[in-house]
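Text of the file work.txt, holding compact mmCIF, C-alpha atoms:
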# COMPACT_ATOMS: atom_id res chain seq x y z
CA MET A 1 52.63 25.46 26.83
CA THR A 2 55.21 23.52 24.83
CA LYS A 3 55.98 24.31 21.29
CA SER A 4 56.22 21.39 18.84
CA CYS A 5 59.36 21.13 16.83
CA PRO A 6 59.24 20.47 13.12
CA PRO A 7 60.90 17.25 11.95
CA PRO A 8 64.61 17.55 11.26
CA SER A 9 65.20 18.63 7.70
CA THR A 10 67.83 19.82 5.36
CA SER A 11 67.53 22.86 3.18
CA ASP A 12 65.51 20.94 0.57
CA GLY A 13 63.17 19.33 3.14
CA ALA A 14 63.88 15.77 1.93
CA PRO A 15 63.55 14.01 5.32
CA ALA A 16 60.29 15.82 5.99
CA ARG A 17 58.96 14.81 2.57
CA GLU A 18 60.01 11.23 3.20
CA GLU A 19 58.19 11.24 6.53
CA GLN A 20 55.05 12.63 4.88
CA ALA A 21 55.26 10.03 2.11
CA ARG A 22 55.72 7.26 4.66
CA ALA A 23 52.74 8.52 6.67
CA LEU A 24 50.60 8.59 3.52
CA CYS A 25 51.59 5.04 2.61
CA LEU A 26 50.87 3.80 6.12
CA ARG A 27 47.46 5.50 6.05
CA LEU A 28 46.66 3.85 2.72
CA LEU A 29 47.86 0.46 3.98
CA THR A 30 45.67 0.76 7.06
CA ALA A 31 42.53 0.59 4.91
CA ARG A 32 43.67 -2.45 2.89
CA SER A 33 46.84 -4.01 1.54
CA ARG A 34 48.11 -2.46 -1.67
CA THR A 35 50.66 -3.22 -4.33
CA ARG A 36 53.85 -1.28 -4.73
CA ALA A 37 52.53 0.15 -8.01
CA GLU A 38 49.35 1.42 -6.32
CA LEU A 39 51.39 3.18 -3.65
CA GLU A 40 53.78 4.61 -6.26
CA GLY A 41 50.78 5.97 -8.14
CA GLN A 42 49.33 7.62 -5.04
CA LEU A 43 52.68 9.19 -4.16
CA ALA A 44 53.18 10.45 -7.71
CA LYS A 45 49.64 11.84 -7.76
CA ARG A 46 50.48 13.89 -4.69
CA GLY A 47 53.72 15.19 -6.20
CA TYR A 48 56.36 13.21 -4.31
CA PRO A 49 59.65 12.88 -6.20
CA ASP A 50 60.56 9.44 -7.53
CA ASP A 51 63.63 9.13 -5.30
CA VAL A 52 61.59 9.84 -2.15
CA SER A 53 58.93 7.35 -3.24
CA ALA A 54 61.53 4.69 -3.97
CA ARG A 55 63.21 5.07 -0.58
CA VAL A 56 59.90 4.96 1.31
CA LEU A 57 58.58 1.97 -0.65
CA ASP A 58 61.88 0.10 -0.35
CA ARG A 59 61.75 0.57 3.42
CA LEU A 60 58.10 -0.59 3.60
CA ALA A 61 58.98 -3.62 1.49
CA ALA A 62 61.97 -4.40 3.71
CA VAL A 63 59.77 -4.52 6.81
CA GLY A 64 57.13 -6.59 5.00
CA LEU A 65 54.33 -4.05 4.68
CA VAL A 66 54.46 -4.03 0.87
CA ASP A 67 54.65 -7.47 -0.74
CA ASP A 68 53.14 -7.94 -4.20
CA VAL A 69 53.29 -11.74 -4.04
CA ASP A 70 51.40 -11.83 -0.76
CA PHE A 71 48.93 -9.25 -2.07
CA ALA A 72 48.30 -11.31 -5.21
CA GLU A 73 47.75 -14.51 -3.22
CA GLN A 74 45.30 -12.80 -0.88
CA TRP A 75 43.50 -11.09 -3.76
CA VAL A 76 43.11 -14.33 -5.71
CA HIS A 77 41.82 -16.23 -2.69
CA SER A 78 39.36 -13.50 -1.74
CA ARG A 79 38.01 -12.89 -5.25
CA ARG A 80 37.63 -16.63 -5.98
CA VAL A 81 35.76 -17.30 -2.75
CA ASN A 82 33.62 -14.16 -2.57
CA ALA A 83 33.07 -13.20 -6.21
CA GLY A 84 33.61 -16.54 -7.96
CA LYS A 85 36.17 -15.11 -10.39
CA GLY A 86 37.97 -17.26 -12.93
CA LYS A 87 41.65 -17.12 -13.85
CA ARG A 88 41.24 -14.67 -16.73
CA ALA A 89 39.33 -12.15 -14.64
CA LEU A 90 41.78 -12.51 -11.74
CA ALA A 91 44.75 -11.94 -14.05
CA ALA A 92 43.13 -8.80 -15.47
CA GLU A 93 42.36 -7.45 -12.00
CA LEU A 94 45.91 -8.07 -10.80
CA ARG A 95 47.31 -6.35 -13.89
CA THR A 96 45.23 -3.25 -13.14
CA LYS A 97 46.65 -3.31 -9.60
CA GLY A 98 50.18 -3.22 -11.06
CA VAL A 99 51.25 -6.75 -10.19
CA ASP A 100 54.08 -8.12 -12.32
CA ASN A 101 53.12 -10.76 -14.93
CA ASP A 102 55.57 -13.30 -13.46
CA VAL A 103 53.88 -12.97 -10.06
CA ILE A 104 50.42 -13.27 -11.65
CA THR A 105 51.46 -16.42 -13.52
CA ALA A 106 52.97 -17.97 -10.41
CA VAL A 107 49.93 -17.25 -8.25
CA LEU A 108 47.38 -18.39 -10.82
CA ASP A 109 49.31 -21.59 -11.53
CA GLY A 110 48.30 -22.62 -8.02
CA ILE A 111 44.67 -22.87 -9.17
CA LYS A 112 44.06 -26.33 -10.53
CA PRO A 113 41.71 -26.71 -13.53
CA ALA A 114 39.52 -29.07 -11.51
CA ALA A 115 39.12 -26.48 -8.75
CA GLU A 116 38.24 -23.79 -11.28
CA ARG A 117 35.66 -26.06 -12.90
CA GLU A 118 34.21 -26.94 -9.49
CA ARG A 119 33.80 -23.24 -8.65
CA ALA A 120 32.04 -22.66 -11.99
CA GLU A 121 29.72 -25.58 -11.25
CA GLN A 122 28.88 -24.10 -7.84
CA LEU A 123 28.03 -20.76 -9.41
CA VAL A 124 25.79 -22.35 -12.05
CA ARG A 125 24.03 -24.59 -9.51
CA ALA A 126 23.32 -21.63 -7.26
CA ARG A 127 21.86 -19.65 -10.16
CA LEU A 128 19.84 -22.61 -11.47
CA ARG A 129 18.15 -23.07 -8.11
CA ARG A 130 16.59 -19.63 -8.55
CA GLU A 131 15.62 -20.13 -12.21
CA GLN A 132 12.19 -21.18 -13.32
CA LEU A 133 12.76 -23.73 -16.04
CA ASN A 134 10.13 -24.06 -18.74
CA ASN A 135 10.28 -26.69 -21.42
CA ASP A 136 11.17 -24.27 -24.20
CA ASP A 137 13.66 -21.88 -22.59
CA ASP A 138 16.83 -23.98 -22.27
CA ALA A 139 18.60 -21.86 -24.88
CA ARG A 140 17.76 -18.63 -23.04
CA VAL A 141 18.84 -20.01 -19.66
CA SER A 142 22.02 -21.46 -21.17
CA ARG A 143 22.94 -18.13 -22.78
CA ARG A 144 22.44 -16.29 -19.51
CA LEU A 145 24.48 -18.78 -17.50
CA VAL A 146 27.33 -18.89 -20.01
CA ALA A 147 27.38 -15.08 -20.07
CA MET A 148 27.51 -15.01 -16.27
CA LEU A 149 30.53 -17.32 -16.27
CA ALA A 150 32.20 -15.36 -19.08
CA ARG A 151 31.83 -12.11 -17.12
CA ARG A 152 33.58 -13.78 -14.22
CA GLY A 153 36.51 -14.86 -16.36
CA TYR A 154 35.81 -18.50 -17.15
CA GLY A 155 36.71 -19.89 -20.56
CA GLN A 156 34.00 -20.36 -23.17
CA ASN A 157 34.47 -24.11 -23.62
CA MET A 158 34.37 -24.77 -19.90
CA ALA A 159 31.36 -22.49 -19.49
CA TYR A 160 29.35 -24.29 -22.18
CA ASP A 161 30.29 -27.69 -20.81
CA VAL A 162 29.48 -26.78 -17.19
CA VAL A 163 26.18 -25.13 -18.11
CA SER A 164 24.96 -28.02 -20.26
CA THR A 165 25.92 -30.60 -17.62
CA GLU A 166 24.39 -28.66 -14.73
CA LEU A 167 21.24 -27.76 -16.68
CA ALA A 168 20.66 -31.43 -17.50
CA ALA A 169 21.27 -32.38 -13.86
CA GLU A 170 18.85 -29.70 -12.63
CA ARG A 171 16.16 -30.87 -15.07
CA GLU A 172 16.63 -34.43 -13.83
CA ARG A 173 16.50 -33.32 -10.20
CA ARG A 174 13.27 -31.40 -10.75
CA ARG A 175 11.69 -34.31 -12.62
CA VAL A 176 12.12 -36.61 -9.64
Would you write out, as structure tokens, the structure that this file holds?
Amino acid sequence: MTKSCPPPSTSDGAPAREEQARALCLRLLTARSRTRAELEGQLAKRGYPDDVSARVLDRLAAVGLVDDVDFAEQWVHSRRVNAGKGKRALAAELRTKGVDNDVITAVLDGIKPAAERERAEQLVRARLRREQLNNDDDARVSRRLVAMLARRGYGQNMAYDVVSTELAAERERRRV
């Protein structure tokens, strides 16, 4: 039977700690991509020294496994398509993930106002198809739809405009 050798280490065990930190980061990155700040937080939570964390994260960034710009672009695309999030909600989510404000601004500038409005219209149309519209409940339906858009990070003016336009179009469609 062969005996396994421990990883090479110095008296303070720094290379072994670095290897453990790297293994932890790779395990976390296997589940989903993460920002540098998220990985730093996980390493700090587990008691890794800042210098060890910095070396490991610098190496992962150098090989392309940690890239906040790429993470932000993927996050924005995914959350817009799957959850219908607006710019404000996306910016807040990216901030909680530890993405730098310059990166957030750059990524969100790629979303054109027309595309954001179109996504809001799609969300309202989908919800209106399931609504039963009575003659006297336009105010109630409008409030609910505007609130739905607000929760997803769309601006109030756009939400009111989209809801009133789509509600009128839905009424017209049902009349015919």
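The shortest atom-to-atom distance to Asp102 in chain A, with all atoms listed in the file taken into account, belongs to A:Asp68 out of A:Glu19, A:Glu172, A:Asp68, A:Asp137.
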**Message:** Show me, as a PyMOL selection string, the residues that have an atom within 8 Å of Val76 in chain A when counting only C-alpha atoms, minus same-chain residues fewer than 5 positions from it.
**Reply:** chain A and resi 90+107-108
Go ahead and write the selection's residues with C-alpha atoms as a short mmCIF file (atom, residue, chain, number, x, y, z; two decimals), keeping the file's coordinate frame.
data_model
loop_
_atom_site.label_atom_id
_atom_site.label_comp_id
_atom_site.auth_asym_id
_atom_site.auth_seq_id
_atom_site.Cartn_x
_atom_site.Cartn_y
_atom_site.Cartn_z
CA LEU A 90 41.78 -12.51 -11.74
CA VAL A 107 49.93 -17.25 -8.25
CA LEU A 108 47.38 -18.39 -10.82
#
**Message:** Just want the 10 Å neighbourhood of Ala147 in chain A, counted on only C-alpha atoms, with same-chain residues fewer than 6 positions away dropped. Output as a PyMOL selection string.
**Reply:** chain A and resi 141+153-154+156+159-160
**Item:** Spatial neighbours of Arg127 in chain A, 12 Å, all atoms listed in the file, chain gap at least 6 places, as an MDAnalysis selection string
**Value:** chainID A and resid 120:121 133 141:142 144:146 148:149 163 166:167 170
Using C-alpha atoms, can you write the selected residues to a file as a compact mmCIF listing (two decimals), keeping the file's coordinate frame?
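Generated file (part_16.txt):
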# COMPACT_ATOMS: atom_id res chain seq x y z
CA ALA A 120 32.04 -22.66 -11.99
CA GLU A 121 29.72 -25.58 -11.25
CA LEU A 133 12.76 -23.73 -16.04
CA VAL A 141 18.84 -20.01 -19.66
CA SER A 142 22.02 -21.46 -21.17
CA ARG A 144 22.44 -16.29 -19.51
CA LEU A 145 24.48 -18.78 -17.50
CA VAL A 146 27.33 -18.89 -20.01
CA MET A 148 27.51 -15.01 -16.27
CA LEU A 149 30.53 -17.32 -16.27
CA VAL A 163 26.18 -25.13 -18.11
CA GLU A 166 24.39 -28.66 -14.73
CA LEU A 167 21.24 -27.76 -16.68
CA GLU A 170 18.85 -29.70 -12.63
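Using all atoms listed in the file, the nearest neighbour of Gln42 in chain A within the list A:Ala106, A:Ala126, A:Ala21, A:Met158 is A:Ala21.
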**Complete:** CA of Arg151 in chain A sits from CA of Gln122 in chain A at a separation of 15.4 Å
**Request:** Report the distance between CA of Ala23 in chain A and CA of Asn101 in chain A in Å, rounded to one decimal place.
**Result:** 29.0 Å
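When only C-alpha atoms are used to compute distances to Gln74 in chain A, the closest of the residues A:Gln132, A:Ser33, A:Thr105, A:Ser53 turns out to be A:Ser33.
Each of A:Ala150, A:Leu128, A:Val69, A:Ala91 was compared to Ala168 in chain A using all atoms listed in the file, and A:Leu128 turns out to be the nearest.
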Would you tabulate, counting all atoms listed in the file, all residues of range 39-86 of chain A that have an atom at most 9 Å from an atom of range 24-30 of chain A, showing the closest pair of atoms and their distance in Å to one decimal, sorted by chain then ascending number, as JSON lines?
{"residue": "A:Leu39", "atom": "CA", "partner": "A:Cys25", "partner_atom": "CA", "distance": 6.5}
{"residue": "A:Gln42", "atom": "CA", "partner": "A:Cys25", "partner_atom": "CA", "distance": 8.4}
{"residue": "A:Leu43", "atom": "CA", "partner": "A:Leu24", "partner_atom": "CA", "distance": 8.0}
{"residue": "A:Val56", "atom": "CA", "partner": "A:Cys25", "partner_atom": "CA", "distance": 8.4}
{"residue": "A:Leu57", "atom": "CA", "partner": "A:Cys25", "partner_atom": "CA", "distance": 8.3}
{"residue": "A:Leu60", "atom": "CA", "partner": "A:Cys25", "partner_atom": "CA", "distance": 8.7}
{"residue": "A:Leu65", "atom": "CA", "partner": "A:Leu29", "partner_atom": "CA", "distance": 7.9}
{"residue": "A:Val66", "atom": "CA", "partner": "A:Leu29", "partner_atom": "CA", "distance": 8.6}
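As for CA of Glu93 in chain A and CA of Glu116 in chain A, they are spaced 16.9 Å apart.
Taking all atoms listed in the file into account, Pro15 in chain A lies nearest to A:Asp51 out of the set A:Asp138, A:Asp51, A:Glu73, A:Lys97.
Using all atoms listed in the file for every distance, the candidate list A:Ala37, A:Val81, A:Leu94, A:Ala31 yields A:Val81 as the residue closest to Ala115 in chain A.
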